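Below is one structure, written out as structure tokens, with a few remarks after it.
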Amino acid sequence: MTDRRLRIAVQKSGRLADRSGELISGAGLRILKGANELLYRIENQPIDLLRVRDDDIPTFVADGVAELGIVGYNVLAEHFPDRDLEEMIVQRLGFGSCTLKVAVPNDVDYTGPQWLEGKRIATSYPNILGKWLKDNGVTAEIVEMRGAVEVAPRMKIAHAICDLVSTGATLEANGMKATDLVLKSEAVLIKAPHAPPSELAHTYDMLLRRFDGVTASTG
Ligand code: PRP
Ligand code: ZN
Ligand code: MG
């Protein structure tokens with residue numbers, strides 16, 4: 001007898017939240033919304049959903065606080081720039097596609113990554129951008145911002161930005177154009193480094209099979 005339950009870390013709100021919920025429902029898990037906003041119970045399985053900020057998901061899963069997590073590849077790559085991410089990734093989920101791109105104001109005559117030499121670039125992805133700059137032999141100053149990166153050039157905080165682009169509406173609304181692709185991203189299912197407790201192994205395996213089935217059927 002045990003009351004130990006599996007935990008899946010999911011984004012509480014934001015770009016992946018709805019589709020993550022659909023994946024979980026699609027796998028036959030009945031989500032019981034409780035008074036506790038951080039933790040939702042699954043009614044028909046010994047599973048809880050840990051509902052957190054996307055940026056917290058890589059750490060929670062790597063530390064084993066949650067056995068599984070659904071997170072953007074971009075967030076994972078930023079968090080663990082030096083790890084072999086394939087060891088953490090169980091499967092790619094086929095939703096939440098977006099790209100991390102460098103963008104500059106429309107009036108800039110952009111000639112290639114060398115244009116960025118000695119400039120300031122605002123981003124929420126300093127590790128990924130830092131690597132990309134190095135790969136391209138560019139030395140630039142990275143200005144780290146948590147959000148509203150798109151306003152940085154107008155505020156004269158930076159000459160360029162590196163941010164997620166999905167529809168392109170944010171760039172357009174801010175008078176900017178994308179120049180370089182830095183990273184392609186989509187939602188991924190990640191797992192903790194240690195196997196789940198033995199009494200939950202069956203539930204864990206069932207869950208992975210079902211997620212695989214849902215992903216395969218939705219393309
Ligand atoms: C990202 C990014 C842009 C927007 C781009 O923000 O920072 O603001 O999406 O999408 P678009 O090309 O469709 O306009 P997100 O919604 O992830 O929120 P955040 O900036 O608060 O992290
Ligand atoms: Zn975030
Ligand atoms: Mg944004």
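Ordering of the structure tokens sets the chain letters (A, B, ...); residue numbers start at 1 within each chain; ligands are numbered from 1 in the order shown.
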
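Each residue with an atom within 9 Å of any atom of ligand 2 appears in the list, which was built counting only C-alpha atoms and all ligand atoms: Gln11, Gly14, Arg15, Arg53, Asp54, Asp55, Asp56, Val75, Ser124, Arg146 and Gly147 of chain A.
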
Where does chain A meet ligand 3 within 9 Å, residue by residue, with the nearest atom pair and distance in Å to one decimal for each, counting only C-alpha atoms and all ligand atoms, listed by chain and rising number, as CSV?
residue,atom,partner,partner_atom_place_in_ligand_line,distance
A:Arg146,CA,ligand 3,1 (Mg),9.0
A:Gly147,CA,ligand 3,1 (Mg),5.7
A:Ala148,CA,ligand 3,1 (Mg),5.7
A:Val149,CA,ligand 3,1 (Mg),6.9
A:Glu150,CA,ligand 3,1 (Mg),7.5
A:Asp163,CA,ligand 3,1 (Mg),7.7
A:Leu164,CA,ligand 3,1 (Mg),7.3
A:Val165,CA,ligand 3,1 (Mg),8.9
A:Thr170,CA,ligand 3,1 (Mg),7.8

Fewer than 4 positions away in the same chain doesn't count, so skip those; otherwise give me all residues within 8 Å of Asp212 of chain A, counting only C-alpha atoms, as a VMD selection string.
-> chain A and resid 91 208 216

Written file, previous selection with C-alpha atoms, as an mmCIF file, in the first residue's frame:
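So selection_32.cif came out as:
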data_model
loop_
_atom_site.group_PDB
_atom_site.id
_atom_site.type_symbol
_atom_site.label_atom_id
_atom_site.label_comp_id
_atom_site.auth_asym_id
_atom_site.auth_seq_id
_atom_site.Cartn_x
_atom_site.Cartn_y
_atom_site.Cartn_z
ATOM 1 C CA GLN A 91 9.878 11.971 -27.236
ATOM 2 C CA LEU A 208 4.641 6.552 -21.996
ATOM 3 C CA ALA A 216 1.448 9.220 -33.398
#

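As for atom CA of Ile121 of chain A and atom 8 (O, counted along the ligand's line) of ligand 1, they are spaced 15.4 Å apart.
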
All strand (DSSP E) residues (DSSP, backbone) inside segment 85-154 of chain A, as an NGL selection string | :A and (89-92 or 98-105 or 120-123 or 141-144)

Which polymer residues have any atom within 12 Å of an atom of Asp3 of chain A, counting only C-alpha atoms, with same-chain residues fewer than 3 positions away left out, as a PyMOL selection string?
-> chain A and resi 6+45-48+197+199-200

So that I can check the surroundings of His194 of chain A, please list as a PDB file with C-alpha atoms, in the first residue's frame every protein, DNA and RNA residue that reaches within 12 Å of it, counting only C-alpha atoms and ignoring chain neighbours fewer than 6 positions away.
ATOM      1  CA  VAL A  61      12.465  16.992 -13.677  1.00  0.00           C
ATOM      2  CA  ALA A  62      16.273  16.859 -13.516  1.00  0.00           C
ATOM      3  CA  ASP A  63      16.039  16.852  -9.706  1.00  0.00           C
ATOM      4  CA  GLY A  64      13.392  14.128  -9.717  1.00  0.00           C
ATOM      5  CA  VAL A  65      10.719  16.320  -8.117  1.00  0.00           C
ATOM      6  CA  ALA A  66       8.594  15.239 -11.093  1.00  0.00           C
ATOM      7  CA  GLU A  67       9.188  11.980 -12.989  1.00  0.00           C
ATOM      8  CA  LEU A  68       8.104  13.516 -16.298  1.00  0.00           C
ATOM      9  CA  GLU A  87      19.295  11.581 -22.523  1.00  0.00           C
ATOM     10  CA  MET A  88      16.467  13.575 -20.953  1.00  0.00           C
ATOM     11  CA  ALA A 201       6.605   1.441 -12.840  1.00  0.00           C
TER      12      ALA A 201
END
